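Below: protein-v5.cif (mmCIF, C-alpha atoms)
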```cif
data_work
loop_
_atom_site.group_PDB
_atom_site.id
_atom_site.type_symbol
_atom_site.label_atom_id
_atom_site.label_comp_id
_atom_site.auth_asym_id
_atom_site.auth_seq_id
_atom_site.Cartn_x
_atom_site.Cartn_y
_atom_site.Cartn_z
ATOM 1 C CA MET G 1158 141.932 103.330 14.865
ATOM 2 C CA LEU G 1159 140.909 106.767 16.123
ATOM 3 C CA LYS G 1160 141.496 109.673 13.814
ATOM 4 C CA PRO G 1161 143.708 112.527 15.082
ATOM 5 C CA LYS G 1162 140.800 114.963 15.482
ATOM 6 C CA TYR G 1163 138.962 112.517 17.795
ATOM 7 C CA ILE G 1164 142.125 111.950 19.879
ATOM 8 C CA LEU G 1165 142.475 115.719 20.230
ATOM 9 C CA ARG G 1166 138.858 116.044 21.380
ATOM 10 C CA LEU G 1167 139.348 113.339 24.037
ATOM 11 C CA MET G 1168 142.501 115.042 25.309
ATOM 12 C CA LEU G 1169 140.725 118.387 25.553
ATOM 13 C CA ALA G 1170 137.801 116.791 27.422
ATOM 14 C CA ALA G 1171 140.188 115.239 29.952
ATOM 15 C CA VAL G 1172 141.958 118.538 30.513
ATOM 16 C CA MET G 1173 138.635 120.324 31.047
ATOM 17 C CA LEU G 1174 137.620 117.749 33.679
ATOM 18 C CA LEU G 1175 140.868 118.177 35.583
ATOM 19 C CA LEU G 1176 140.610 121.939 35.514
ATOM 20 C CA ALA G 1177 137.029 121.776 36.759
ATOM 21 C CA VAL G 1178 138.042 120.437 40.188
ATOM 22 C CA ALA G 1179 137.956 123.189 42.818
ATOM 23 C CA PRO G 1180 140.816 123.317 45.330
ATOM 24 C CA ALA G 1181 140.374 121.725 48.733
ATOM 25 C CA MET G 1182 140.333 124.161 51.636
ATOM 26 C CA ALA G 1183 140.673 123.907 55.376
ATOM 27 C CA GLN G 1184 138.925 126.333 57.688
ATOM 28 C CA THR G 1185 142.406 126.934 59.120
ATOM 29 C CA ASN G 1186 145.815 125.341 58.645
ATOM 30 C CA SER G 1187 146.269 124.847 62.374
ATOM 31 C CA VAL G 1188 143.955 123.832 65.204
ATOM 32 C CA TYR G 1189 144.246 122.712 68.807
ATOM 33 C CA ALA G 1190 143.784 119.102 69.866
ATOM 34 C CA GLY G 1191 140.170 118.601 70.866
ATOM 35 C CA GLN G 1192 138.854 121.129 68.368
ATOM 36 C CA THR G 1193 136.733 120.478 65.275
ATOM 37 C CA SER G 1194 137.422 122.118 61.920
ATOM 38 C CA SER G 1195 135.818 122.129 58.484
ATOM 39 C CA LEU G 1196 137.381 120.768 55.293
ATOM 40 C CA SER G 1197 135.658 121.883 52.120
ATOM 41 C CA VAL G 1198 135.713 122.291 48.365
ATOM 42 C CA VAL G 1199 133.669 124.575 46.155
ATOM 43 C CA GLU G 1200 130.970 122.188 45.036
ATOM 44 C CA ILE G 1201 130.580 121.502 41.310
ATOM 45 C CA PRO G 1202 127.194 120.091 40.248
ATOM 46 C CA GLY G 1203 127.417 116.407 39.342
ATOM 47 C CA ASP G 1204 130.610 115.768 41.337
ATOM 48 C CA THR G 1205 130.901 113.609 44.434
ATOM 49 C CA TYR G 1206 133.639 113.988 47.040
ATOM 50 C CA GLU G 1207 135.340 111.484 49.338
ATOM 51 C CA TRP G 1208 137.749 112.541 52.113
ATOM 52 C CA GLU G 1209 140.576 110.618 53.782
ATOM 53 C CA LEU G 1210 142.946 111.451 56.647
ATOM 54 C CA TYR G 1211 146.639 110.556 57.014
ATOM 55 C CA ASN G 1212 148.863 110.730 60.071
ATOM 56 C CA ASP G 1213 152.079 110.305 58.062
ATOM 57 C CA ALA G 1214 152.990 110.882 54.426
ATOM 58 C CA THR G 1215 156.179 108.806 54.489
ATOM 59 C CA GLY G 1216 156.062 106.362 51.601
ATOM 60 C CA ILE G 1217 152.431 107.226 50.895
ATOM 61 C CA ASN G 1218 151.069 107.282 47.365
ATOM 62 C CA PHE G 1219 148.098 109.591 47.760
ATOM 63 C CA ALA G 1220 146.712 108.441 44.433
ATOM 64 C CA SER G 1221 146.171 104.880 45.633
ATOM 65 C CA ASP G 1222 146.864 104.452 49.369
ATOM 66 C CA PRO G 1223 143.872 104.737 51.735
ATOM 67 C CA GLY G 1224 143.889 106.998 54.774
ATOM 68 C CA ASN G 1225 145.987 105.753 57.685
ATOM 69 C CA CYS G 1226 144.846 108.059 60.483
ATOM 70 C CA LEU G 1227 143.962 106.285 63.742
ATOM 71 C CA SER G 1228 140.636 106.928 65.448
ATOM 72 C CA SER G 1229 142.577 108.127 68.499
ATOM 73 C CA GLN G 1230 144.180 110.865 66.375
ATOM 74 C CA ALA G 1231 141.364 112.322 64.256
ATOM 75 C CA VAL G 1232 137.837 111.338 63.260
ATOM 76 C CA PHE G 1233 135.130 112.555 60.909
ATOM 77 C CA GLU G 1234 132.237 113.942 62.939
ATOM 78 C CA GLY G 1235 129.269 111.606 62.693
ATOM 79 C CA GLY G 1236 131.394 109.222 60.630
ATOM 80 C CA ILE G 1237 130.619 111.320 57.538
ATOM 81 C CA SER G 1238 133.589 111.449 55.164
ATOM 82 C CA ASN G 1239 131.862 112.393 51.925
ATOM 83 C CA GLY G 1240 130.409 115.574 50.489
ATOM 84 C CA PRO G 1241 131.775 119.022 49.654
ATOM 85 C CA VAL G 1242 132.111 119.888 53.385
ATOM 86 C CA VAL G 1243 133.147 117.576 56.229
ATOM 87 C CA GLN G 1244 133.854 118.175 59.900
ATOM 88 C CA VAL G 1245 136.948 116.639 61.488
ATOM 89 C CA LYS G 1246 137.659 116.417 65.207
ATOM 90 C CA TRP G 1247 141.404 116.477 65.851
ATOM 91 C CA LEU G 1248 142.224 114.479 68.971
ATOM 92 C CA SER G 1249 146.011 114.303 69.175
ATOM 93 C CA PRO G 1250 148.801 116.827 68.418
ATOM 94 C CA GLY G 1251 150.813 116.316 65.232
ATOM 95 C CA THR G 1252 150.944 117.078 61.519
ATOM 96 C CA TYR G 1253 148.186 115.482 59.462
ATOM 97 C CA PHE G 1254 147.257 115.307 55.802
ATOM 98 C CA TYR G 1255 143.817 115.241 54.245
ATOM 99 C CA LYS G 1256 142.864 114.137 50.752
ATOM 100 C CA VAL G 1257 139.686 114.754 48.810
ATOM 101 C CA THR G 1258 138.907 112.708 45.715
ATOM 102 C CA SER G 1259 136.421 114.135 43.219
ATOM 103 C CA GLN G 1260 134.434 111.772 41.012
ATOM 104 C CA ARG G 1261 131.849 112.074 38.296
ATOM 105 C CA ALA G 1262 129.817 109.118 37.034
ATOM 106 C CA GLY G 1263 132.147 106.722 38.866
ATOM 107 C CA CYS G 1264 135.310 108.002 37.186
ATOM 108 C CA THR G 1265 138.045 109.633 39.257
ATOM 109 C CA MET G 1266 138.500 113.195 38.101
ATOM 110 C CA ASN G 1267 141.198 114.469 40.417
ATOM 111 C CA LEU G 1268 142.415 114.629 43.990
ATOM 112 C CA LYS G 1269 143.736 117.361 46.221
ATOM 113 C CA VAL G 1270 145.930 117.037 49.319
ATOM 114 C CA GLY G 1271 146.417 119.475 52.192
ATOM 115 C CA THR G 1272 148.018 119.585 55.631
ATOM 116 C CA ILE G 1273 146.777 120.458 59.115
ATOM 117 C CA LEU G 1274 148.989 121.196 62.117
ATOM 118 C CA VAL G 1275 147.358 120.132 65.386
ATOM 119 C CA ASP G 1276 148.828 121.870 68.442
ATOM 120 C CA LEU G 1277 148.637 120.869 72.095
ATOM 121 C CA PRO G 1278 145.160 121.315 73.614
ATOM 122 C CA LEU G 1279 144.080 124.704 74.889
ATOM 123 C CA PRO G 1280 144.196 125.036 78.676
ATOM 124 C CA THR G 1281 140.876 124.698 80.497
ATOM 125 C CA ALA G 1282 139.414 125.470 83.902
ATOM 126 C CA ASP G 1283 136.728 123.472 85.707
ATOM 127 C CA LEU G 1284 135.003 125.053 88.726
ATOM 128 C CA ARG G 1285 133.514 123.190 91.696
ATOM 129 C CA LEU G 1286 132.060 124.264 95.027
ATOM 130 C CA THR G 1287 132.774 123.077 98.546
ATOM 131 C CA GLN G 1288 129.404 124.609 99.551
ATOM 132 C CA SER G 1289 126.724 125.970 97.245
ATOM 133 C CA SER G 1290 124.830 127.873 99.946
ATOM 134 C CA ILE G 1291 126.086 129.747 103.010
ATOM 135 C CA CYS G 1292 125.051 132.553 105.355
ATOM 136 C CA ILE G 1293 126.579 136.019 105.578
ATOM 137 C CA GLY G 1294 129.754 135.796 107.618
ATOM 138 C CA GLN G 1295 130.522 132.258 106.515
ATOM 139 C CA SER G 1296 133.134 131.295 103.898
ATOM 140 C CA THR G 1297 133.348 128.809 101.063
ATOM 141 C CA ASN G 1298 135.923 127.950 98.403
ATOM 142 C CA ILE G 1299 135.661 128.033 94.626
ATOM 143 C CA GLU G 1300 137.678 124.963 93.687
ATOM 144 C CA THR G 1301 139.419 125.447 90.335
ATOM 145 C CA HIS G 1302 140.979 122.580 88.375
ATOM 146 C CA LEU G 1303 143.305 123.581 85.513
ATOM 147 C CA THR G 1304 144.584 121.633 82.516
ATOM 148 C CA GLY G 1305 147.631 122.484 80.426
ATOM 149 C CA THR G 1306 151.231 123.248 81.257
ATOM 150 C CA ALA G 1307 152.313 125.359 84.244
ATOM 151 C CA PRO G 1308 152.554 128.221 84.954
ATOM 152 C CA TRP G 1309 149.003 129.474 84.541
ATOM 153 C CA SER G 1310 147.327 132.854 84.668
ATOM 154 C CA ILE G 1311 143.557 133.013 84.982
ATOM 155 C CA THR G 1312 140.939 135.721 85.023
ATOM 156 C CA TYR G 1313 137.777 134.794 86.843
ATOM 157 C CA ARG G 1314 134.550 136.775 86.897
ATOM 158 C CA ILE G 1315 132.180 137.356 89.796
ATOM 159 C CA THR G 1316 128.622 138.456 89.000
ATOM 160 C CA TYR G 1317 127.060 139.985 92.112
ATOM 161 C CA PRO G 1318 123.389 139.859 93.112
ATOM 162 C CA ASP G 1319 122.873 143.395 91.776
ATOM 163 C CA ALA G 1320 124.285 142.265 88.371
ATOM 164 C CA THR G 1321 127.546 144.169 88.743
ATOM 165 C CA ILE G 1322 130.628 142.330 87.511
ATOM 166 C CA GLN G 1323 134.157 142.089 88.870
ATOM 167 C CA ASP G 1324 137.056 140.468 86.989
ATOM 168 C CA ILE G 1325 140.044 139.300 89.022
ATOM 169 C CA THR G 1326 143.338 138.041 87.526
ATOM 170 C CA LEU G 1327 145.682 135.608 89.248
ATOM 171 C CA ASN G 1328 149.167 135.152 87.774
ATOM 172 C CA ASN G 1329 152.015 132.632 87.964
ATOM 173 C CA LEU G 1330 149.973 129.734 89.317
ATOM 174 C CA SER G 1331 152.077 126.592 89.633
ATOM 175 C CA ASP G 1332 149.458 124.162 91.001
ATOM 176 C CA SER G 1333 146.727 122.760 88.775
ATOM 177 C CA THR G 1334 144.264 122.844 91.682
ATOM 178 C CA LEU G 1335 143.410 126.223 93.171
ATOM 179 C CA LEU G 1336 141.107 127.164 96.063
ATOM 180 C CA ILE G 1337 139.648 130.667 95.760
ATOM 181 C CA PRO G 1338 138.160 131.766 99.115
ATOM 182 C CA PHE G 1339 134.821 133.583 99.114
ATOM 183 C CA THR G 1340 133.379 135.395 102.160
ATOM 184 C CA PRO G 1341 130.284 137.405 101.182
ATOM 185 C CA VAL G 1342 129.059 140.484 103.029
ATOM 186 C CA SER G 1343 125.556 140.605 101.538
ATOM 187 C CA SER G 1344 122.884 138.080 100.687
ATOM 188 C CA GLY G 1345 121.851 137.005 97.204
ATOM 189 C CA THR G 1346 123.081 134.852 94.346
ATOM 190 C CA TYR G 1347 126.689 135.046 93.130
ATOM 191 C CA LEU G 1348 127.993 133.601 89.862
ATOM 192 C CA PHE G 1349 131.608 132.546 89.265
ATOM 193 C CA GLU G 1350 133.336 131.624 85.985
ATOM 194 C CA VAL G 1351 136.826 131.697 84.471
ATOM 195 C CA ILE G 1352 136.778 133.857 81.330
ATOM 196 C CA SER G 1353 140.449 133.567 80.334
ATOM 197 C CA ILE G 1354 143.247 131.108 81.010
ATOM 198 C CA THR G 1355 146.852 131.148 79.815
ATOM 199 C CA ASP G 1356 149.344 128.342 80.291
ATOM 200 C CA ALA G 1357 152.948 127.991 79.132
ATOM 201 C CA VAL G 1358 151.748 127.191 75.597
ATOM 202 C CA ALA G 1359 148.592 129.084 74.685
ATOM 203 C CA THR G 1360 145.707 131.292 75.792
ATOM 204 C CA SER G 1361 142.055 130.289 75.795
ATOM 205 C CA ILE G 1362 139.152 132.717 76.100
ATOM 206 C CA ILE G 1363 136.555 129.938 76.093
ATOM 207 C CA PRO G 1364 134.606 130.471 79.340
ATOM 208 C CA SER G 1365 134.604 127.752 81.978
ATOM 209 C CA ASN G 1366 131.489 126.310 83.548
ATOM 210 C CA ILE G 1367 129.553 128.625 85.864
ATOM 211 C CA VAL G 1368 129.033 127.848 89.549
ATOM 212 C CA THR G 1369 126.462 129.557 91.744
ATOM 213 C CA VAL G 1370 126.693 130.400 95.433
ATOM 214 C CA THR G 1371 123.507 131.364 97.262
ATOM 215 C CA VAL G 1372 124.056 133.560 100.311
ATOM 216 C CA TYR G 1373 121.353 133.853 102.967
ATOM 217 C CA ALA G 1374 120.914 136.614 105.516
ATOM 218 C CA LYS G 1375 121.950 135.697 109.013
ATOM 219 C CA PRO G 1376 118.872 134.889 111.108
ATOM 220 C CA GLY G 1377 118.117 137.364 113.897
ATOM 221 C CA SER G 1378 118.265 136.283 117.532
ATOM 222 C CA SER G 1379 115.003 135.471 119.301
ATOM 223 C CA HIS G 1380 113.794 133.667 122.440
ATOM 224 C CA ILE G 1381 112.521 130.166 122.082
ATOM 225 C CA TYR G 1382 109.471 131.044 124.211
ATOM 226 C CA GLN G 1383 107.463 134.242 124.086
ATOM 227 C CA TYR G 1384 106.666 133.847 127.807
ATOM 228 C CA ASP G 1385 108.845 132.528 130.604
ATOM 229 C CA PRO G 1386 107.458 129.039 131.299
ATOM 230 C CA LEU G 1387 107.877 129.518 135.070
ATOM 231 C CA THR G 1388 106.793 133.099 135.784
ATOM 232 C CA LYS G 1389 104.423 133.369 132.834
ATOM 233 C CA LYS G 1390 105.844 136.830 132.264
ATOM 234 C CA LYS G 1391 106.609 138.074 128.781
ATOM 235 C CA LYS G 1392 110.295 138.138 128.044
#
```

Could you rewrite the structure in this file as C-alpha cells?
Amino acid sequence: MLKPKYILRLMLAAVMLLLAVAPAMAQTNSVYAGQTSSLSVVEIPGDTYEWELYNDATGINFASDPGNCLSSQAVFEGGISNGPVVQVKWLSPGTYFYKVTSQRAGCTMNLKVGTILVDLPLPTADLRLTQSSICIGQSTNIETHLTGTAPWSITYRITYPDATIQDITLNNLSDSTLLIPFTPVSSGTYLFEVISITDAVATSIIPSNIVTVTVYAKPGSSHIYQYDPLTKKKK
C-alpha cells in the first residue's frame, strides 16, 4: 500500500505533465476550399504529436474515436500527420475539427481539439489565346474562363512592349467565359494576366496565368521581280 506522501507525489507529477502540453494552434480559423493551412503546437522536447481530422463531432468521443474525415474533404499534405507542425489541404467546404494527441514515452499526456471553417473556393481566372502571334492591324481574343458564382468583376493587366502597364476593370460579368478583344497598333510582346477577381462570395488577388501575344510589323509591299520579265526594264 502506497503511503500518502507517495500518492501526493504521483498526483503532482500527473498534473505537471498535463500542464506541460502546449495549446494546439491553427494558422487561421477559416480557409477557402483548395487552400492549405498549418496546424501546430509549441514543441516540448521529448514529446511526440499525432494529428487527426474530423468532419463531424456528433456523437464523437475525441478521447478515443479516430478521425473520420474523408480524403475528398481534407488530407494531410504528403500523408504526414505527426509532428509539432502539419500541413492540411482543405478540399470541401464545411466545419471541421482537428485533434492533436501529445505523448511521452508511449503514454498519452493530453489532447487538444480545435475547429476550422472551410468556405467556398476562391474564384479563379484561366486565360487562353485564340492566336499567340499576329501582325499589326489584326485582332485576337484573350479567352477568359472564370470559376465561382456570378456576377464577377475582374481586373486584368496588360504589360506593353515598352514595359508600361495598364490595368482594366470589367464589372458585372454574368458569363463564366469572356472574350477580350485585342487589336495592337505597335509591334512587340504583350503580356496579359488577371490580377483580381471578385465573385458573389469572395475576392481573390491571386494572379492568373500569364499569356503572351507577339505582334509583328506589317511587311512592306514589294514587287516579286526586280525586273519586268518581258521588257527587262527595272520596275

### Task
Run through the PyMOL selection byres ((chain G and resi 1346-1362) around 8) on the given coordinates and return the selected residues as an MDAnalysis selection string.
chainID G and resid 1277 1279:1282 1284 1305:1318 1344:1345 1363:1372

#### Entry: Selected residue, from G:Thr1193, G:Gln1230, G:Gln1295, G:Asp1283, that lies nearest to Pro1338 of chain G when counting only C-alpha atoms
G:Gln1295

#### Entry: Residue list as a list of chain:residue names for point (126.6, 110.0, 39.3), cut-off 8 Å, all atoms listed in the file
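Here is the list of nearby residues: G:Gly1203, G:Asp1204, G:Thr1205, G:Arg1261, G:Ala1262, G:Gly1263.
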
### Task
Measure the distance from atom CA of Gly1271 of chain G to atom CA of Pro1202 of chain G in Å and round it to one decimal.
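Between these atoms lies a distance of 22.6 Å.
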
Assuming 5 Å of padding per side, give the centre and edge lengths of the axis-aligned box around every listed atom of segment 1197-1202 of chain G, in Å to one decimal and as AutoDock Vina command-line options.
```
--center_x 131.5 --center_y 122.3 --center_z 46.2 --size_x 18.5 --size_y 14.5 --size_z 21.9
```

### Query
What lies within 8 Å of segment 1209-1225 of chain G using all atoms listed in the file, ignoring chain neighbours under 5 positions off, as a ChimeraX atom specification?
/G:1230-1231,1238,1251-1257,1268,1270

### Task
Measuring atom to atom with only C-alpha atoms, identify which of G:Asn1239, G:Ser1343, G:Thr1272, G:Ser1249 is nearest to Cys1292 of chain G.
G:Ser1343

### Message
Please compute the atom CA of Val1242 of chain G-atom CA of Gln1260 of chain G distance, one decimal, in Å.
### Response
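Pair atom CA of Val1242 of chain G / atom CA of Gln1260 of chain G returns 15.0 Å.
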
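Between atom CA of Ile1299 of chain G and atom CA of Val1342 of chain G the interatomic distance comes to 16.4 Å.
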
#### Entry: Selection: 6 Å around Phe1339 of chain G, only C-alpha atoms, excl. self and same-chain fewer than 4 positions, as a list in words
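Once the nearby chain positions are removed, what remains is Ser1296, Thr1297 and Asn1298 of chain G.
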
### Task
Choose the residue, out of G:Pro1278, G:Pro1376, G:Gly1235, G:Gly1240, that has the smallest atom-to-atom separation from Ala1190 of chain G; count all atoms listed in the file.
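Of G:Pro1278, G:Pro1376, G:Gly1235, G:Gly1240, the one nearest Ala1190 of chain G, counting all atoms listed in the file, is G:Pro1278.
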
### Task
Pull the neighbourhood of (140.5, 123.9, 69.0) for me: all residues within 9 Å in file coordinates, counting all atoms listed in the file, as a ChimeraX atom specification.
/G:1187-1194,1246-1247,1275-1276,1278-1279

Could you dump the residues just selected with C-alpha atoms as a tab-separated table (two decimals), keeping the file's coordinate frame?
```tsv
chain	number	residue	atom	x	y	z
G	1187	SER	CA	146.27	124.85	62.37
G	1188	VAL	CA	143.96	123.83	65.20
G	1189	TYR	CA	144.25	122.71	68.81
G	1190	ALA	CA	143.78	119.10	69.87
G	1191	GLY	CA	140.17	118.60	70.87
G	1192	GLN	CA	138.85	121.13	68.37
G	1193	THR	CA	136.73	120.48	65.28
G	1194	SER	CA	137.42	122.12	61.92
G	1246	LYS	CA	137.66	116.42	65.21
G	1247	TRP	CA	141.40	116.48	65.85
G	1275	VAL	CA	147.36	120.13	65.39
G	1276	ASP	CA	148.83	121.87	68.44
G	1278	PRO	CA	145.16	121.32	73.61
G	1279	LEU	CA	144.08	124.70	74.89
```

## Note on the structure
Nearest to Ser1331 of chain G, restricted to all atoms listed in the file and choosing among G:Thr1304, G:Asn1267, G:Thr1258, G:Asp1319, comes out as G:Thr1304

### Residues near Gln1244 of chain G, cut-off 6 Å, all atoms listed in the file, skip fewer than 4 positions along chain, as number ranges by chain
G: 1194-1195, 1233-1234

Just segment 1359-1380 of chain G from the block, N, CA and C atoms, as a compact mmCIF listing (two decimals), in the first residue's frame, could you?
```txt
# COMPACT_ATOMS: atom_id res chain seq x y z
N ALA G 1359 -16.60 36.01 -52.72
CA ALA G 1359 -15.31 36.45 -52.19
C ALA G 1359 -14.48 37.12 -53.27
N THR G 1360 -13.34 37.68 -52.83
CA THR G 1360 -12.38 38.32 -53.73
C THR G 1360 -11.05 37.60 -53.63
N SER G 1361 -10.44 37.36 -54.78
CA SER G 1361 -9.11 36.75 -54.82
C SER G 1361 -8.16 37.70 -55.53
N ILE G 1362 -6.98 37.90 -54.94
CA ILE G 1362 -5.94 38.70 -55.57
C ILE G 1362 -4.77 37.81 -55.99
N ILE G 1363 -5.04 36.51 -56.09
CA ILE G 1363 -4.02 35.57 -56.60
C ILE G 1363 -3.99 35.72 -58.12
N PRO G 1364 -2.86 36.10 -58.71
CA PRO G 1364 -2.83 36.34 -60.16
C PRO G 1364 -3.14 35.07 -60.95
N SER G 1365 -3.73 35.27 -62.12
CA SER G 1365 -3.99 34.15 -63.02
C SER G 1365 -2.71 33.78 -63.75
N ASN G 1366 -2.81 32.81 -64.64
CA ASN G 1366 -1.69 32.52 -65.53
C ASN G 1366 -1.47 33.70 -66.47
N ILE G 1367 -0.29 33.79 -67.04
CA ILE G 1367 0.06 34.86 -67.96
C ILE G 1367 0.08 34.30 -69.39
N VAL G 1368 -0.55 35.02 -70.31
CA VAL G 1368 -0.47 34.66 -71.72
C VAL G 1368 0.27 35.75 -72.48
N THR G 1369 0.95 35.37 -73.53
CA THR G 1369 1.80 36.28 -74.28
C THR G 1369 1.35 36.35 -75.73
N VAL G 1370 1.20 37.55 -76.24
CA VAL G 1370 0.88 37.78 -77.64
C VAL G 1370 2.06 38.49 -78.30
N THR G 1371 2.58 37.90 -79.36
CA THR G 1371 3.67 38.51 -80.11
C THR G 1371 3.09 39.20 -81.35
N VAL G 1372 3.39 40.47 -81.49
CA VAL G 1372 2.87 41.26 -82.61
C VAL G 1372 4.01 41.63 -83.53
N TYR G 1373 3.84 41.29 -84.82
CA TYR G 1373 4.87 41.57 -85.82
C TYR G 1373 4.47 42.78 -86.66
N ALA G 1374 5.49 43.50 -87.13
CA ALA G 1374 5.24 44.62 -88.03
C ALA G 1374 4.67 44.10 -89.34
N LYS G 1375 3.83 44.89 -89.94
CA LYS G 1375 3.24 44.50 -91.21
C LYS G 1375 4.30 44.59 -92.31
N PRO G 1376 4.47 43.54 -93.10
CA PRO G 1376 5.51 43.58 -94.13
C PRO G 1376 5.21 44.64 -95.18
N GLY G 1377 6.25 45.34 -95.66
CA GLY G 1377 6.07 46.35 -96.68
C GLY G 1377 5.80 45.73 -98.04
N SER G 1378 5.16 46.48 -98.93
CA SER G 1378 4.85 45.95 -100.26
C SER G 1378 6.09 45.99 -101.13
N SER G 1379 6.24 45.01 -101.99
CA SER G 1379 7.37 44.94 -102.91
C SER G 1379 6.98 44.11 -104.12
N HIS G 1380 7.67 44.32 -105.27
CA HIS G 1380 7.42 43.54 -106.46
C HIS G 1380 8.06 42.16 -106.32
```
